[in-house]
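Notes for the one structure printed next.
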Amino acid sequence: MNARAHDVNPWLVLVLVCLAQFMVILDATIVNVALPSIQADLGMSDSGLQWVVNAYALLFGGFLLLGGRAGDLIGRKRIFLAGVVLFTVASLLCGLAQNETMLIVFRGLQGLGAALVSPAALSIVTTTFAEGAERAKALGVWAAIAVGGGAVGLVLGGVLVEAFSWPWIFFVNVPVGIAAFVWSLRSVPESKDEHAHKSFDLLGALTVTGGLIALVYGIVRSAEAGWASAEVLGFLAFAVVLLVAFVVIESRSVEPLVRLSIFSVRTVRGANVAMFIVAAGMFAMFFFNTLYVQRVLGYTPLESGLAFLPFTLGIIIGAGLAQPLLPRLGAREVPLIGTALAAVGLLYFLRLTPESTYLADILPGVMLISIGMGLVFVPVTLIATSGVPVNDAGLASGLFNTAQQIGGALGLALLITLSTNRTESELSSLGREPTRSETSEALVSGFHVTWFMSALLIAVGGVLLYGLLRRRDVRAVAEGEAAPVAV
């Protein structure tokens with residue numbers, strides 16, 4: 001359903017859904033710079049502290065498919081508004097949390113709200129703007145918000161923690177959420193799959209959500225319990241069982257949560273595989289670089305946030321360049337260039353030491369990565385949502401968001417394990433209590449492993465996108481035309 005048919009200003013719709021999406025993406029990173037303050041105030045253990053981040057990622061990634069399909073069936077505007085309300089209320093509760101358990105539970109509720117908002121918002125964009133030049137421009141804005149919001153979160157988190165206190169990183173969402181709800185209630189058009197059965201694939205929703213959560217949880221726990229532990233192996237085996245059951249259920253369901261035939265669309269398949277791997281390398285960059293500047297270089301939360309402010313500028317530059325480059329170079333070639341730039345930026349970080357400086361050693365890598373990611377996210381988002389019927393807009397959006405979030409969560413968990421193992425190995429080899437200098441050296445050595453692996457993952461993602469898609473599959477995307485279904 002196209003919003004123009006209802007005399008709705010599509011660009012106002014874009015502003016409103018991007019405002020909500022910005023809030024969701026912001027909260028994925030804003031917590032990072034506040035973790036030391038949260039730990040000191042609530043007396044949290046190190047293992048408990050990681051769940052302030054992981055509870056959000058688990059519920060966000062686990063419920064994305066359910067949120068996307070619910071939008072198609074119930075109404076994308078309804079699900080979007082419900083998600084905004086849940087996210088806003090959960091943000092308020094996070095700020096009011098008095099202990100570790102309350103904060104972790106409310107962070108999970110935030111993740112659930114985000115899982116409703118994000119796919120519904122993207123599907124509203126794709127159903128409001130017809131395939132072609134206008135959708136390309138709209139998704140360029142979306143991509144800049146999706147990636148740049150993470151960098152802004154670091155800056156805003158630092159400002160709020162230093163000027164006020166850590167609860168304000170959550171309280172700031174409340175007025176934004178209220179404004180987004182009120183304006184969207186009046187201005188965002190409703191749309192849904194009018195031809196869908198009224199039944200809902202509850203069993204499919206339970207198995208895929210449970211399987212994804214068990215998978216992410218098992219990977220996250222591996223950093224502390226070890227890959228060979230009964231707990232980790234048990235959760236990974238449980239995840240496999242549930243996900244296999246999900247595929248069987250979907251193949252037999254009259255009205256499946258995920259219509260498996262959508263994976264026969266070559267653009268959907270290629271974009272999601274590539275984004276899963278790129279996100280696995282990309283999400284870790286914020287986490288480890290924040291640790292590096294705070295724990296090794298001694299930056300304050302505000303200084304840490306400001307250090308990555310240029311990332312937002314780079315994303316804007318990259319997203320802006322992507323649109324004129326698409327018709328000139330091609331929709332496969334532009335993200336290939338972008339992943340190459342990002343990989344080089346991450347490899348540049350291998351020269352970092354405990355004595356490195358910001359301008360000479362950090363900023364060049366940040367700019368290369370951010371410009372590269374801007375060149376990646378615009379065309380890949382276009383590819384992931386092209387050639388898909390309007391009735392499946394929510395499903396395609398949910399799949400793409402799931403690829404990002406689950407890929408990012410799994411990548412971060414794996415890279416944390418690799419980094420920790422390298423750092424602990426270097427410290428244990430000393431045979432004595434390490435000095436502060438030796439601890440910093442060991443931390444940087446662990447970070448080097450993750451920066452190299454992140455660069456490798458992003459490069460592989462770009463190559464896979466190029467290899468999985470043919471030029472004719474994405475010709476319409478590059479030329480700004482409506483794309484046929486490519487199988």
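The way I read the labels, and the way they are meant: chains A, B, ... in the order of the structure tokens, residue 1 as the first residue of every chain, and ligand 1 as the first ligand shown, with later ones counted on from there.
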
Practice item. From a DSSP calculation on the backbone, collect every residue of segment 251-357 of chain A in alpha helix (DSSP H) and output the set as a ChimeraX atom specification. Key: /A:251-252,266-291,301-307,309-329,333-348

**Study point:** Distance query segment 162-167 of chain A at most 12 Å, only C-alpha atoms, self and fewer than 4 positions along chain excluded, as a PyMOL selection string
**Key:** chain A and resi 30-42+91-98+103+155-158+171-174+300-305

Review point. Skipping near chain neighbours, those fewer than 5 positions away, what residues fall within 8 Å of Met367 of chain A using only C-alpha atoms, listed as a PyMOL selection string?
Key: chain A and resi 310-311+314+345

Practice item. Would you mind reading off the distance between atom CA of Val334 of chain A and atom CA of Met453 of chain A, one decimal, in Å? Key: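 If I compute the distance from atom CA of Val334 of chain A to atom CA of Met453 of chain A, I get 22.2 Å.
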
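Considering the residues A:Ile178, A:Val366, A:Ala284, A:Val161 and counting only C-alpha atoms, Met23 of chain A has its shortest atom-to-atom contact with A:Ile178.
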
**Study point:** Proximity to Ser356 of chain A - best of A:Val159, A:Leu414, A:Phe400, A:Val444, only C-alpha atoms
**Key:**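 Counting only C-alpha atoms, the residue closest to Ser356 of chain A is A:Val444.
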
Exercise for review: Kindly indicate which residue among A:Val216, A:Leu336, A:Leu395, A:Met282 lies nearest to Leu59 of chain A, using only C-alpha atoms for the distances.
Suggested key: A:Val216

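Counting only C-alpha atoms, the residue from A:Gly270, A:Pro10, A:Gly234, A:Gly461 that sits nearest to Gly407 of chain A is A:Gly461.
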